[in-house]
Every structure is written in C-alpha cells, then in structure tokens.
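S.K.: work-v1.cif (mmCIF, C-alpha atoms) pasted underneath:
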data_my_file
loop_
_atom_site.label_atom_id
_atom_site.label_comp_id
_atom_site.auth_asym_id
_atom_site.auth_seq_id
_atom_site.Cartn_x
_atom_site.Cartn_y
_atom_site.Cartn_z
CA MET A 1 124.49 105.29 62.49
CA PRO A 2 125.13 102.90 65.40
CA GLN A 3 124.15 104.01 68.87
CA PHE A 4 126.09 103.47 72.09
CA GLN A 5 124.85 100.56 74.13
CA ILE A 6 126.53 99.31 77.27
CA ASP A 7 127.95 95.80 76.91
CA PRO A 8 125.67 93.33 78.75
CA ARG A 9 128.56 91.94 80.81
CA LEU A 10 129.70 95.41 81.96
CA ASP A 11 126.08 96.15 82.74
CA ALA A 12 125.73 93.00 84.84
CA ASP A 13 129.05 93.45 86.71
CA SER A 14 128.67 97.14 87.60
CA ARG A 15 126.06 99.80 88.26
CA LEU A 16 125.75 103.28 86.86
CA VAL A 17 126.79 106.01 89.32
CA ILE A 18 126.62 109.13 87.16
CA ASN A 19 126.92 110.25 83.56
CA LEU A 20 129.97 112.44 83.06
CA GLY A 21 130.40 114.40 79.81
CA LEU A 22 131.77 111.52 77.75
CA CYS A 23 131.67 108.48 80.02
CA GLN A 24 129.34 106.51 82.17
CA LEU A 25 130.97 106.33 85.60
CA ARG A 26 130.08 102.94 87.08
CA LEU A 27 130.85 101.06 90.32
CA MET A 28 131.94 97.43 90.01
CA ASP A 29 129.89 95.15 92.24
CA ASP A 30 132.95 93.88 94.10
CA ALA A 31 133.54 95.24 97.58
CA ARG A 32 137.09 93.84 97.83
CA TRP A 33 138.33 97.11 96.33
CA PRO A 34 136.69 100.50 95.65
CA TRP A 35 136.56 99.95 91.90
CA LEU A 36 135.13 102.31 89.29
CA ILE A 37 134.90 101.93 85.55
CA LEU A 38 134.56 104.63 82.91
CA VAL A 39 132.78 103.71 79.67
CA PRO A 40 132.89 106.26 76.82
CA GLN A 41 129.37 106.58 75.42
CA ARG A 42 130.43 106.08 71.83
CA PRO A 43 129.66 103.08 69.61
CA SER A 44 132.32 100.66 68.33
CA ILE A 45 135.28 101.74 70.48
CA VAL A 46 137.72 98.93 71.31
CA GLU A 47 141.15 100.58 71.51
CA ILE A 48 142.01 104.04 72.83
CA PHE A 49 143.09 105.08 69.34
CA ASP A 50 139.59 104.31 67.99
CA MET A 51 138.44 107.51 69.73
CA THR A 52 138.74 110.99 68.27
CA PRO A 53 141.50 113.17 69.76
CA LEU A 54 138.83 115.27 71.51
CA ASP A 55 137.21 112.20 73.06
CA GLN A 56 140.64 110.93 74.16
CA THR A 57 141.24 114.27 75.89
CA MET A 58 137.79 114.11 77.53
CA LEU A 59 138.51 110.58 78.72
CA THR A 60 141.78 111.74 80.24
CA PHE A 61 140.03 114.61 82.01
CA GLU A 62 137.31 112.32 83.38
CA THR A 63 139.89 109.72 84.41
CA GLY A 64 141.77 112.34 86.43
CA LEU A 65 138.50 113.48 88.00
CA ALA A 66 137.44 109.97 88.99
CA ALA A 67 140.90 108.99 90.19
CA LYS A 68 141.27 112.09 92.36
CA ALA A 69 137.81 111.69 93.92
CA LEU A 70 138.46 107.99 94.60
CA SER A 71 141.84 108.78 96.15
CA GLU A 72 140.34 111.47 98.41
CA VAL A 73 137.43 109.33 99.55
CA THR A 74 139.44 106.17 100.24
CA GLY A 75 142.84 107.57 101.31
CA CYS A 76 144.31 104.74 99.23
CA ALA A 77 148.03 104.12 98.74
CA LYS A 78 147.75 104.04 94.94
CA VAL A 79 145.15 104.35 92.24
CA ASN A 80 145.40 101.61 89.61
CA ILE A 81 144.23 102.56 86.14
CA GLY A 82 143.80 100.03 83.36
CA ALA A 83 142.13 99.39 80.04
CA LEU A 84 142.49 95.68 79.28
CA GLY A 85 139.45 94.45 77.38
CA ASN A 86 140.72 90.91 76.84
CA LYS A 87 137.32 89.54 77.91
CA VAL A 88 134.93 92.41 77.14
CA ARG A 89 135.96 94.31 74.01
CA GLN A 90 133.84 97.44 74.48
CA PHE A 91 136.36 100.04 75.65
CA HIS A 92 136.22 100.56 79.40
CA LEU A 93 138.76 101.97 81.81
CA HIS A 94 139.21 100.66 85.33
CA VAL A 95 140.02 103.06 88.18
CA VAL A 96 140.72 101.12 91.37
CA ALA A 97 141.74 102.26 94.86
CA ARG A 98 144.51 100.03 96.21
CA SER A 99 145.80 99.87 99.77
CA GLU A 100 148.69 97.95 101.24
CA GLY A 101 147.54 94.51 102.34
CA ASP A 102 144.33 94.53 100.28
CA SER A 103 143.27 91.46 98.30
CA ASN A 104 146.16 90.45 95.97
CA TRP A 105 148.31 93.52 96.85
CA PRO A 106 150.63 94.54 95.15
CA ASN A 107 149.46 92.51 92.18
CA PRO A 108 146.50 93.46 89.97
CA VAL A 109 142.81 93.12 90.76
CA TRP A 110 141.91 91.66 87.37
CA GLY A 111 141.41 87.91 87.20
CA HIS A 112 141.94 87.46 90.96
CA GLY A 113 139.47 85.31 92.93
CA MET A 114 135.74 85.83 92.97
CA PRO A 115 133.79 89.08 93.33
CA GLU A 116 132.31 89.87 96.74
CA PRO A 117 129.13 91.89 96.16
CA TRP A 118 128.72 95.15 98.08
CA ARG A 119 126.31 95.27 101.00
CA GLN A 120 123.62 97.75 100.06
CA ALA A 121 124.16 100.05 103.05
CA ASP A 122 127.94 100.16 102.58
CA ARG A 123 127.54 100.95 98.91
CA ALA A 124 125.12 103.80 99.61
CA VAL A 125 127.57 105.38 102.09
CA PHE A 126 130.50 104.97 99.70
CA LEU A 127 128.65 106.42 96.71
CA GLU A 128 127.41 109.41 98.71
CA LYS A 129 131.01 110.25 99.64
CA LEU A 130 132.24 109.65 96.09
CA ILE A 131 129.64 111.87 94.48
CA GLY A 132 130.43 114.56 97.04
CA ALA A 133 134.10 114.43 96.03
CA LEU A 134 133.50 114.51 92.27
CA MET B 1 163.73 122.62 91.38
CA PRO B 2 163.84 118.81 91.22
CA GLN B 3 164.87 117.19 87.96
CA PHE B 4 163.35 114.14 86.32
CA GLN B 5 165.33 110.98 86.94
CA ILE B 6 164.21 107.55 85.85
CA ASP B 7 163.46 105.20 88.76
CA PRO B 8 166.34 102.69 89.11
CA ARG B 9 163.96 99.73 88.95
CA LEU B 10 162.28 100.94 85.75
CA ASP B 11 165.74 101.59 84.36
CA ALA B 12 166.85 98.05 85.18
CA ASP B 13 163.69 96.34 83.87
CA SER B 14 163.41 98.20 80.57
CA ARG B 15 165.51 99.98 77.96
CA LEU B 16 165.01 103.36 76.34
CA VAL B 17 163.67 103.17 72.77
CA ILE B 18 163.05 106.83 71.98
CA ASN B 19 162.21 110.12 73.65
CA LEU B 20 158.74 111.33 72.67
CA GLY B 21 157.66 114.90 73.51
CA LEU B 22 156.71 114.20 77.11
CA CYS B 23 157.60 110.58 77.75
CA GLN B 24 160.45 108.18 77.52
CA LEU B 25 159.19 105.24 75.46
CA ARG B 26 160.86 102.12 76.82
CA LEU B 27 160.76 98.38 76.05
CA MET B 28 160.38 96.00 78.98
CA ASP B 29 163.02 93.29 78.94
CA ASP B 30 160.44 90.50 78.87
CA ALA B 31 159.92 88.74 75.55
CA ARG B 32 156.74 86.93 76.69
CA TRP B 33 154.75 89.94 75.46
CA PRO B 34 155.63 92.98 73.32
CA TRP B 35 155.55 95.38 76.27
CA LEU B 36 156.25 99.10 76.20
CA ILE B 37 156.23 101.61 79.01
CA LEU B 38 155.79 105.38 78.83
CA VAL B 39 157.44 107.46 81.55
CA PRO B 40 156.59 111.19 81.64
CA GLN B 41 159.84 113.10 82.08
CA ARG B 42 158.59 115.17 84.99
CA PRO B 43 159.73 114.97 88.61
CA SER B 44 157.50 113.77 91.47
CA ILE B 45 154.58 112.34 89.47
CA VAL B 46 152.82 109.40 91.15
CA GLU B 47 149.18 109.67 90.10
CA ILE B 48 147.76 110.82 86.77
CA PHE B 49 146.20 113.84 88.49
CA ASP B 50 149.65 114.99 89.67
CA MET B 51 150.30 116.06 86.07
CA THR B 52 149.20 119.36 84.57
CA PRO B 53 146.21 119.17 82.20
CA LEU B 54 148.54 119.81 79.25
CA ASP B 55 150.86 116.99 80.29
CA GLN B 56 147.86 114.67 80.74
CA THR B 57 146.77 115.48 77.20
CA MET B 58 150.30 114.88 75.90
CA LEU B 59 150.40 111.55 77.71
CA THR B 60 147.10 110.56 76.10
CA PHE B 61 148.41 111.51 72.67
CA GLU B 62 151.63 109.55 73.17
CA THR B 63 149.70 106.58 74.57
CA GLY B 64 147.55 106.46 71.45
CA LEU B 65 150.65 106.73 69.26
CA ALA B 66 152.46 103.90 71.05
CA ALA B 67 149.37 101.69 71.24
CA LYS B 68 148.59 102.09 67.54
CA ALA B 69 152.18 101.38 66.47
CA LEU B 70 152.33 98.33 68.74
CA SER B 71 149.02 97.05 67.41
CA GLU B 72 150.14 97.49 63.78
CA VAL B 73 153.51 95.82 64.32
CA THR B 74 152.22 92.84 66.30
CA GLY B 75 148.73 92.31 64.86
CA CYS B 76 147.66 91.66 68.44
CA ALA B 77 144.11 90.87 69.55
CA LYS B 78 144.05 93.64 72.18
CA VAL B 79 146.31 96.33 73.57
CA ASN B 80 146.38 96.37 77.37
CA ILE B 81 147.04 99.75 78.96
CA GLY B 82 147.71 100.18 82.65
CA ALA B 83 149.18 102.51 85.24
CA LEU B 84 149.49 100.54 88.47
CA GLY B 85 152.55 101.70 90.41
CA ASN B 86 151.97 99.52 93.46
CA LYS B 87 155.64 98.51 93.44
CA VAL B 88 157.35 101.43 91.65
CA ARG B 89 155.69 104.75 92.51
CA GLN B 90 157.19 106.88 89.73
CA PHE B 91 154.31 107.26 87.27
CA HIS B 92 154.68 104.90 84.32
CA LEU B 93 152.13 103.58 81.87
CA HIS B 94 152.25 100.06 80.46
CA VAL B 95 151.23 99.43 76.84
CA VAL B 96 151.20 95.70 76.13
CA ALA B 97 150.27 93.71 73.02
CA ARG B 98 148.13 90.73 73.94
CA SER B 99 147.21 87.78 71.75
CA GLU B 100 144.89 84.87 72.38
CA GLY B 101 146.79 82.04 74.02
CA ASP B 102 149.74 84.18 75.15
CA SER B 103 151.22 83.80 78.64
CA ASN B 104 148.38 84.26 81.21
CA TRP B 105 145.76 85.22 78.57
CA PRO B 106 143.14 86.67 79.17
CA ASN B 107 144.43 87.72 82.58
CA PRO B 108 146.95 90.53 83.15
CA VAL B 109 150.68 90.46 82.54
CA TRP B 110 151.54 92.13 85.83
CA GLY B 111 152.76 89.89 88.63
CA HIS B 112 152.65 86.77 86.44
CA GLY B 113 155.65 84.41 86.42
CA MET B 114 159.21 85.44 85.69
CA PRO B 115 160.50 87.72 82.92
CA GLU B 116 162.09 86.06 79.91
CA PRO B 117 164.75 88.43 78.56
CA TRP B 118 164.66 89.28 74.87
CA ARG B 119 167.25 87.72 72.58
CA GLN B 120 169.32 90.55 71.18
CA ALA B 121 168.60 89.79 67.51
CA ASP B 122 164.83 89.45 68.08
CA ARG B 123 164.75 92.74 69.98
CA ALA B 124 166.62 94.56 67.22
CA VAL B 125 164.13 93.32 64.60
CA PHE B 126 161.14 94.21 66.78
CA LEU B 127 162.42 97.71 67.59
CA GLU B 128 163.21 98.47 63.97
CA LYS B 129 159.60 97.64 63.03
CA LEU B 130 158.21 99.58 65.98
CA ILE B 131 160.19 102.73 65.25
CA GLY B 132 159.11 102.48 61.61
CA ALA B 133 155.46 102.41 62.72
CA LEU B 134 155.70 105.30 65.19
#
For this file, produce the structure as structure tokens.
M.R.:
Amino acid sequence: MPQFQIDPRLDADSRLVINLGLCQLRLMDDARWPWLILVPQRPSIVEIFDMTPLDQTMLTFETGLAAKALSEVTGCAKVNIGALGNKVRQFHLHVVARSEGDSNWPNPVWGHGMPEPWRQADRAVFLEKLIGAL
Amino acid sequence: MPQFQIDPRLDADSRLVINLGLCQLRLMDDARWPWLILVPQRPSIVEIFDMTPLDQTMLTFETGLAAKALSEVTGCAKVNIGALGNKVRQFHLHVVARSEGDSNWPNPVWGHGMPEPWRQADRAVFLEKLIGAL
C-alpha cells in the first residue's frame, strides 16, 4: 500500500509548522503574504473528491482552524483559500492572509512575481503567534 | 433575522444553474473556462469559519459533487477550487475546470483578462451535460 510522502516541490517551497489530525500545516517561504498550506497525509490525492467523505470533513475542519488562527494573528481583510494544483498535483490547500494594498491586491497570490524568503527572526515571531492561536 | 440575498455583483456575473441543499450552484458568464460558483444560502457569511460546522460539511460535500461533475463533463486536467472574496465579500467558492494550454494556464483564472460571455447554444449544451452528471 502506498505511503504518504510530501511532494519535493512543496517540501522545498514551505516548511512544516505542525501536524494536525489529517494535514501537515506548512508555512510557505514567501514573506509577501502570511501564507499557509495544508497537505492531507494520504497517498495519491489529486482532487478533493479523491478523499473519503471523512477526510473531506477533516480537511474542512482543519481549514477553518487554520483560517481562523491566521485571521486572528494577522488582522487581515480577507482569507484567501485555494486548491489549484496546476503545477504540483499532490493535493494541497492554500490559506493566505490578504490585506488591502498588499502585493497584487485584490488579485491572487498565485503566479505573481518572485517569492521573498522570510527573515528567520520574523518567521519565528510569526509562528509563535500562529501556534498560540491554533 | 437577516435573509440570504445574492450579492448583486455575483448575480450579474453568473447565472443560477440549480439549488443544492446549502448552496446556489451558478455558472460564471465567462466561456474561457468552465467555471462554477457555489454560494451558501446563508446571510452574513464572509469567511469559511463564519459558517456552522454542519454548513461547512455541507459545503464540502457540495464542492466535491460539483467538482466531480465538472471534471467528468470537461475531462479537464485539474479542477481549481478557490474562495477569495477580495472584491465581493459574500462567501462564494469557485470551482473551475482547467486544461493545459487554456487561458493563463497554469496560473489562476482570477483577475486575468476580460470575460468572454458564453454563446447561448454552447451554454445550453454544457449545462445539460453538467446537470446530467450531478
């Protein structure tokens, strides 16, 4: 039976924050926006309907949890949620804090410009707050 | 108690296909991509965590249903799912069929170019297939 393995590109572009029940919660290494991704730890999932109904419900629960914590920590105007997967097919869900006037506002974060890596100290402060809010 | 009313901009940009249990399933009037939106028929919902857990679960179920039908009807490479809401705050979820080489592939549909309205006959054929697959 195949095992879950994180896609190498997701692994390179983000870092693990915490394991939730179903998903890895990860932080994208792009400080332009507070940007989380959720990756269900199941093999061979591409589309949302590839998951069992129970896993879909778990994903929804964990999405709400991550979105609410991100909203509280950032005070953002809007949380953007998306599962695209046009480049990386392993199912992953983006949860991004958007604020008026941020990079590419009000258009999407995906495919816009080049990533700006987090400074280590800023990331540590952000993740401490995020984990406190989860 | 406030009643659900569809946001005027969503109403102008899309047309009602069918009422599911929780959501209006609507077709965006943009023939560049087969593009559905789901709008939970609840007042004052902006973020996913504004919904009750039961409604969130219903939304997930209806998202899977719409995504699977869209995938079957179009034979697309990837379904893109997103809830952005940076422009229209009433919660709405996009479900879009993407194919290699389509407009702006592999980048997102949102904020790209100008809508190209469906031709009436093409839309009728598409919706008949979609409803058959739901």
S.K.: Hey, which of B:Gln120, B:Gln56, B:Ser103, B:Gln90 ends up closest to chain A? Count all atoms listed in the file.
M.R.: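 For chain A, the nearest of the candidates is B:Gln56.
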S.K.: For A:Lys78, list every protein, DNA or RNA residue within 8 Å, evaluated using all atoms listed in the file, and leave out those in the same chain fewer than 2 positions away; present the list as a list in words.
M.R.: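 Here the qualifying residues turn out to be Ser71, Cys76, Asn80, Ala97, Arg98 and Ser99 of chain A; Glu47, Leu84, Gly85 and Asn86 of chain B.
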S.K.: Up to 10 Å from (168.0, 116.7, 84.2) in the file's coordinates: name the residues, counting all atoms listed in the file, as a ChimeraX atom specification.
M.R.: /B:2-5,41-43
S.K.: With distances taken over only C-alpha atoms, which residue among A:Ile131, A:Leu70, A:Met51, A:Ala31 lies nearest A:Ile18?
M.R.: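 Checking each of A:Ile131, A:Leu70, A:Met51, A:Ala31 against A:Ile18, counting only C-alpha atoms, the winner is A:Ile131.
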S.K.: Can you provide chain B as an mmCIF file with C-alpha atoms, in the frame of the given file, superposed onto chain A by least squares across all C-alpha atoms matched in order?
M.R.:
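Output file selection_4.cif follows:
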data_model
loop_
_atom_site.group_PDB
_atom_site.id
_atom_site.type_symbol
_atom_site.label_atom_id
_atom_site.label_comp_id
_atom_site.auth_asym_id
_atom_site.auth_seq_id
_atom_site.Cartn_x
_atom_site.Cartn_y
_atom_site.Cartn_z
ATOM 1 C CA MET B 1 124.485 105.322 62.511
ATOM 2 C CA PRO B 2 125.115 102.906 65.395
ATOM 3 C CA GLN B 3 124.149 104.002 68.885
ATOM 4 C CA PHE B 4 126.094 103.482 72.086
ATOM 5 C CA GLN B 5 124.837 100.559 74.128
ATOM 6 C CA ILE B 6 126.514 99.310 77.264
ATOM 7 C CA ASP B 7 127.960 95.797 76.919
ATOM 8 C CA PRO B 8 125.672 93.322 78.751
ATOM 9 C CA ARG B 9 128.567 91.956 80.803
ATOM 10 C CA LEU B 10 129.694 95.407 81.963
ATOM 11 C CA ASP B 11 126.067 96.163 82.739
ATOM 12 C CA ALA B 12 125.752 93.016 84.845
ATOM 13 C CA ASP B 13 129.063 93.463 86.707
ATOM 14 C CA SER B 14 128.686 97.139 87.584
ATOM 15 C CA ARG B 15 126.059 99.793 88.255
ATOM 16 C CA LEU B 16 125.742 103.295 86.864
ATOM 17 C CA VAL B 17 126.781 106.025 89.323
ATOM 18 C CA ILE B 18 126.597 109.132 87.152
ATOM 19 C CA ASN B 19 126.912 110.254 83.551
ATOM 20 C CA LEU B 20 129.977 112.446 83.041
ATOM 21 C CA GLY B 21 130.400 114.402 79.784
ATOM 22 C CA LEU B 22 131.775 111.514 77.753
ATOM 23 C CA CYS B 23 131.675 108.489 80.020
ATOM 24 C CA GLN B 24 129.346 106.513 82.166
ATOM 25 C CA LEU B 25 130.979 106.319 85.597
ATOM 26 C CA ARG B 26 130.080 102.947 87.078
ATOM 27 C CA LEU B 27 130.850 101.061 90.309
ATOM 28 C CA MET B 28 131.942 97.440 90.004
ATOM 29 C CA ASP B 29 129.895 95.163 92.227
ATOM 30 C CA ASP B 30 132.959 93.884 94.076
ATOM 31 C CA ALA B 31 133.529 95.236 97.574
ATOM 32 C CA ARG B 32 137.089 93.842 97.835
ATOM 33 C CA TRP B 33 138.333 97.111 96.317
ATOM 34 C CA PRO B 34 136.690 100.494 95.647
ATOM 35 C CA TRP B 35 136.548 99.950 91.885
ATOM 36 C CA LEU B 36 135.125 102.315 89.294
ATOM 37 C CA ILE B 37 134.891 101.933 85.552
ATOM 38 C CA LEU B 38 134.561 104.635 82.901
ATOM 39 C CA VAL B 39 132.773 103.706 79.678
ATOM 40 C CA PRO B 40 132.875 106.266 76.836
ATOM 41 C CA GLN B 41 129.363 106.565 75.430
ATOM 42 C CA ARG B 42 130.425 106.063 71.834
ATOM 43 C CA PRO B 43 129.662 103.079 69.607
ATOM 44 C CA SER B 44 132.322 100.652 68.333
ATOM 45 C CA ILE B 45 135.284 101.736 70.483
ATOM 46 C CA VAL B 46 137.727 98.926 71.318
ATOM 47 C CA GLU B 47 141.139 100.583 71.524
ATOM 48 C CA ILE B 48 142.012 104.038 72.839
ATOM 49 C CA PHE B 49 143.088 105.087 69.338
ATOM 50 C CA ASP B 50 139.593 104.309 67.997
ATOM 51 C CA MET B 51 138.438 107.499 69.733
ATOM 52 C CA THR B 52 138.732 110.979 68.266
ATOM 53 C CA PRO B 53 141.486 113.163 69.763
ATOM 54 C CA LEU B 54 138.831 115.268 71.513
ATOM 55 C CA ASP B 55 137.211 112.197 73.051
ATOM 56 C CA GLN B 56 140.637 110.933 74.168
ATOM 57 C CA THR B 57 141.238 114.251 75.902
ATOM 58 C CA MET B 58 137.797 114.104 77.530
ATOM 59 C CA LEU B 59 138.512 110.576 78.720
ATOM 60 C CA THR B 60 141.791 111.742 80.252
ATOM 61 C CA PHE B 61 140.030 114.600 82.017
ATOM 62 C CA GLU B 62 137.315 112.311 83.377
ATOM 63 C CA THR B 63 139.906 109.717 84.410
ATOM 64 C CA GLY B 64 141.761 112.327 86.440
ATOM 65 C CA LEU B 65 138.492 113.484 88.007
ATOM 66 C CA ALA B 66 137.437 109.963 88.996
ATOM 67 C CA ALA B 67 140.907 108.977 90.203
ATOM 68 C CA LYS B 68 141.272 112.080 92.370
ATOM 69 C CA ALA B 69 137.814 111.682 93.926
ATOM 70 C CA LEU B 70 138.464 107.994 94.604
ATOM 71 C CA SER B 71 141.835 108.768 96.154
ATOM 72 C CA GLU B 72 140.342 111.473 98.409
ATOM 73 C CA VAL B 73 137.427 109.316 99.544
ATOM 74 C CA THR B 74 139.445 106.169 100.244
ATOM 75 C CA GLY B 75 142.834 107.553 101.310
ATOM 76 C CA CYS B 76 144.315 104.737 99.246
ATOM 77 C CA ALA B 77 148.033 104.110 98.754
ATOM 78 C CA LYS B 78 147.771 104.038 94.944
ATOM 79 C CA VAL B 79 145.153 104.356 92.238
ATOM 80 C CA ASN B 80 145.403 101.611 89.622
ATOM 81 C CA ILE B 81 144.228 102.554 86.141
ATOM 82 C CA GLY B 82 143.806 100.027 83.369
ATOM 83 C CA ALA B 83 142.133 99.393 80.037
ATOM 84 C CA LEU B 84 142.497 95.689 79.290
ATOM 85 C CA GLY B 85 139.446 94.442 77.389
ATOM 86 C CA ASN B 86 140.705 90.906 76.839
ATOM 87 C CA LYS B 87 137.318 89.532 77.904
ATOM 88 C CA VAL B 88 134.919 92.419 77.154
ATOM 89 C CA ARG B 89 135.959 94.309 74.014
ATOM 90 C CA GLN B 90 133.835 97.435 74.495
ATOM 91 C CA PHE B 91 136.361 100.039 75.649
ATOM 92 C CA HIS B 92 136.212 100.552 79.407
ATOM 93 C CA LEU B 93 138.752 101.963 81.816
ATOM 94 C CA HIS B 94 139.208 100.643 85.343
ATOM 95 C CA VAL B 95 140.017 103.056 88.183
ATOM 96 C CA VAL B 96 140.721 101.120 91.372
ATOM 97 C CA ALA B 97 141.755 102.249 94.858
ATOM 98 C CA ARG B 98 144.512 100.039 96.208
ATOM 99 C CA SER B 99 145.804 99.866 99.764
ATOM 100 C CA GLU B 100 148.698 97.948 101.245
ATOM 101 C CA GLY B 101 147.541 94.518 102.345
ATOM 102 C CA ASP B 102 144.335 94.527 100.276
ATOM 103 C CA SER B 103 143.265 91.452 98.298
ATOM 104 C CA ASN B 104 146.169 90.449 95.964
ATOM 105 C CA TRP B 105 148.311 93.514 96.842
ATOM 106 C CA PRO B 106 150.635 94.550 95.154
ATOM 107 C CA ASN B 107 149.461 92.512 92.176
ATOM 108 C CA PRO B 108 146.495 93.454 89.966
ATOM 109 C CA VAL B 109 142.814 93.116 90.756
ATOM 110 C CA TRP B 110 141.927 91.659 87.373
ATOM 111 C CA GLY B 111 141.418 87.910 87.193
ATOM 112 C CA HIS B 112 141.953 87.465 90.943
ATOM 113 C CA GLY B 113 139.487 85.334 92.929
ATOM 114 C CA MET B 114 135.744 85.841 92.988
ATOM 115 C CA PRO B 115 133.797 89.100 93.335
ATOM 116 C CA GLU B 116 132.313 89.878 96.732
ATOM 117 C CA PRO B 117 129.132 91.896 96.163
ATOM 118 C CA TRP B 118 128.735 95.152 98.057
ATOM 119 C CA ARG B 119 126.316 95.276 100.976
ATOM 120 C CA GLN B 120 123.616 97.749 100.056
ATOM 121 C CA ALA B 121 124.154 100.054 103.050
ATOM 122 C CA ASP B 122 127.952 100.159 102.582
ATOM 123 C CA ARG B 123 127.544 100.964 98.890
ATOM 124 C CA ALA B 124 125.122 103.798 99.615
ATOM 125 C CA VAL B 125 127.573 105.374 102.087
ATOM 126 C CA PHE B 126 130.505 104.967 99.695
ATOM 127 C CA LEU B 127 128.634 106.433 96.712
ATOM 128 C CA GLU B 128 127.401 109.406 98.699
ATOM 129 C CA LYS B 129 131.010 110.252 99.631
ATOM 130 C CA LEU B 130 132.238 109.663 96.089
ATOM 131 C CA ILE B 131 129.620 111.879 94.473
ATOM 132 C CA GLY B 132 130.411 114.569 97.045
ATOM 133 C CA ALA B 133 134.085 114.436 96.022
ATOM 134 C CA LEU B 134 133.493 114.501 92.260
#
S.K.: Restricting the calculation to all atoms listed in the file, which member of A:Leu54, A:Val39, A:Val46, A:Met1 is positioned closest to A:Leu16?
M.R.: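 Going through A:Leu54, A:Val39, A:Val46, A:Met1 one by one, the smallest distance to A:Leu16 is for A:Val39.
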S.K.: Take the PyMOL selection byres ((chain A) within 8 of (chain B)), run it mentally on this structure, and tell me the resulting residues as a PDB file with C-alpha atoms, keeping the file's coordinate frame.
M.R.:
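Result file is result.pdb:
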ATOM      1  CA  GLU A  47     141.150 100.580  71.510  1.00  0.00           C
ATOM      2  CA  ILE A  48     142.010 104.040  72.830  1.00  0.00           C
ATOM      3  CA  PHE A  49     143.090 105.080  69.340  1.00  0.00           C
ATOM      4  CA  PRO A  53     141.500 113.170  69.760  1.00  0.00           C
ATOM      5  CA  GLN A  56     140.640 110.930  74.160  1.00  0.00           C
ATOM      6  CA  THR A  57     141.240 114.270  75.890  1.00  0.00           C
ATOM      7  CA  THR A  60     141.780 111.740  80.240  1.00  0.00           C
ATOM      8  CA  PHE A  61     140.030 114.610  82.010  1.00  0.00           C
ATOM      9  CA  GLY A  64     141.770 112.340  86.430  1.00  0.00           C
ATOM     10  CA  LEU A  65     138.500 113.480  88.000  1.00  0.00           C
ATOM     11  CA  ALA A  67     140.900 108.990  90.190  1.00  0.00           C
ATOM     12  CA  LYS A  68     141.270 112.090  92.360  1.00  0.00           C
ATOM     13  CA  LYS A  78     147.750 104.040  94.940  1.00  0.00           C
ATOM     14  CA  VAL A  79     145.150 104.350  92.240  1.00  0.00           C
ATOM     15  CA  ASN A  80     145.400 101.610  89.610  1.00  0.00           C
ATOM     16  CA  ILE A  81     144.230 102.560  86.140  1.00  0.00           C
ATOM     17  CA  GLY A  82     143.800 100.030  83.360  1.00  0.00           C
ATOM     18  CA  ALA A  83     142.130  99.390  80.040  1.00  0.00           C
ATOM     19  CA  LEU A  84     142.490  95.680  79.280  1.00  0.00           C
ATOM     20  CA  GLY A  85     139.450  94.450  77.380  1.00  0.00           C
ATOM     21  CA  ASN A  86     140.720  90.910  76.840  1.00  0.00           C
ATOM     22  CA  LYS A  87     137.320  89.540  77.910  1.00  0.00           C
ATOM     23  CA  ARG A  98     144.510 100.030  96.210  1.00  0.00           C
ATOM     24  CA  TRP A 105     148.310  93.520  96.850  1.00  0.00           C
ATOM     25  CA  PRO A 106     150.630  94.540  95.150  1.00  0.00           C
ATOM     26  CA  ASN A 107     149.460  92.510  92.180  1.00  0.00           C
ATOM     27  CA  PRO A 108     146.500  93.460  89.970  1.00  0.00           C
ATOM     28  CA  TRP A 110     141.910  91.660  87.370  1.00  0.00           C
ATOM     29  CA  GLY A 111     141.410  87.910  87.200  1.00  0.00           C
TER      30      GLY A 111
END
S.K.: Show me the residues around (127.4, 103.2, 89.9) - criterion: an atom at most 6 Å away, all atoms listed in the file counted - as a ChimeraX atom specification.
M.R.: /A:15-17,26-27
S.K.: Output the selection as a compact mmCIF listing (two decimals), in the frame of the given file - C-alpha atoms for each residue.
M.R.:
# COMPACT_ATOMS: atom_id res chain seq x y z
CA ARG A 15 126.06 99.80 88.26
CA LEU A 16 125.75 103.28 86.86
CA VAL A 17 126.79 106.01 89.32
CA ARG A 26 130.08 102.94 87.08
CA LEU A 27 130.85 101.06 90.32
S.K.: List, as a PyMOL selection string, every residue that the PyMOL selection byres ((chain A and resi 73) around 8) selects in the file provided.
M.R.: chain A and resi 69-72+74-75+129-130+133
S.K.: Could you list, as number ranges by chain, every residue within 9 Å of A:Arg32, counting all atoms listed in the file and ignoring same-chain residues fewer than 6 positions away?
M.R.: A: 102-103, 115-118
S.K.: What does the distance from atom CA of A:Ser44 to atom CA of B:Gly132 come to in Å, to one decimal?
M.R.: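 Computing it gives 27.7 Å between the two atoms.
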S.K.: So how far away is atom CA of B:Leu20 from atom CA of B:Trp33, in Å?
M.R.: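 Computed distance, atom CA of B:Trp33 to atom CA of B:Leu20, equals 21.9 Å.
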S.K.: What would stretch 101-110 of chain A look like with N, CA and C atoms restored, written as a PDB file, in the coordinates of the input?
M.R.:
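File produced: rebuild_31.pdb:
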ATOM      1  N   GLY A 101     148.168  95.628 101.646  1.00  0.00           N
ATOM      2  CA  GLY A 101     147.540  94.510 102.340  1.00  0.00           C
ATOM      3  C   GLY A 101     146.154  94.171 101.829  1.00  0.00           C
ATOM      4  N   ASP A 102     145.655  94.894 100.807  1.00  0.00           N
ATOM      5  CA  ASP A 102     144.330  94.530 100.280  1.00  0.00           C
ATOM      6  C   ASP A 102     144.435  93.221  99.486  1.00  0.00           C
ATOM      7  N   SER A 103     143.320  92.738  99.003  1.00  0.00           N
ATOM      8  CA  SER A 103     143.270  91.460  98.300  1.00  0.00           C
ATOM      9  C   SER A 103     144.196  91.499  97.072  1.00  0.00           C
ATOM     10  N   ASN A 104     145.187  90.598  97.071  1.00  0.00           N
ATOM     11  CA  ASN A 104     146.160  90.450  95.970  1.00  0.00           C
ATOM     12  C   ASN A 104     147.201  91.575  95.870  1.00  0.00           C
ATOM     13  N   TRP A 105     147.270  92.474  96.825  1.00  0.00           N
ATOM     14  CA  TRP A 105     148.310  93.520  96.850  1.00  0.00           C
ATOM     15  C   TRP A 105     149.687  92.879  96.803  1.00  0.00           C
ATOM     16  N   PRO A 106     150.689  93.389  96.053  1.00  0.00           N
ATOM     17  CA  PRO A 106     150.630  94.540  95.150  1.00  0.00           C
ATOM     18  C   PRO A 106     150.328  94.141  93.709  1.00  0.00           C
ATOM     19  N   ASN A 107     149.772  92.968  93.536  1.00  0.00           N
ATOM     20  CA  ASN A 107     149.460  92.510  92.180  1.00  0.00           C
ATOM     21  C   ASN A 107     148.083  93.021  91.745  1.00  0.00           C
ATOM     22  N   PRO A 108     147.711  92.796  90.478  1.00  0.00           N
ATOM     23  CA  PRO A 108     146.500  93.460  89.970  1.00  0.00           C
ATOM     24  C   PRO A 108     145.206  92.850  90.497  1.00  0.00           C
ATOM     25  N   VAL A 109     144.139  93.590  90.350  1.00  0.00           N
ATOM     26  CA  VAL A 109     142.810  93.120  90.760  1.00  0.00           C
ATOM     27  C   VAL A 109     142.192  92.186  89.714  1.00  0.00           C
ATOM     28  N   TRP A 110     142.599  92.364  88.455  1.00  0.00           N
ATOM     29  CA  TRP A 110     141.910  91.660  87.370  1.00  0.00           C
ATOM     30  C   TRP A 110     142.254  90.166  87.384  1.00  0.00           C
TER      31      TRP A 110
END
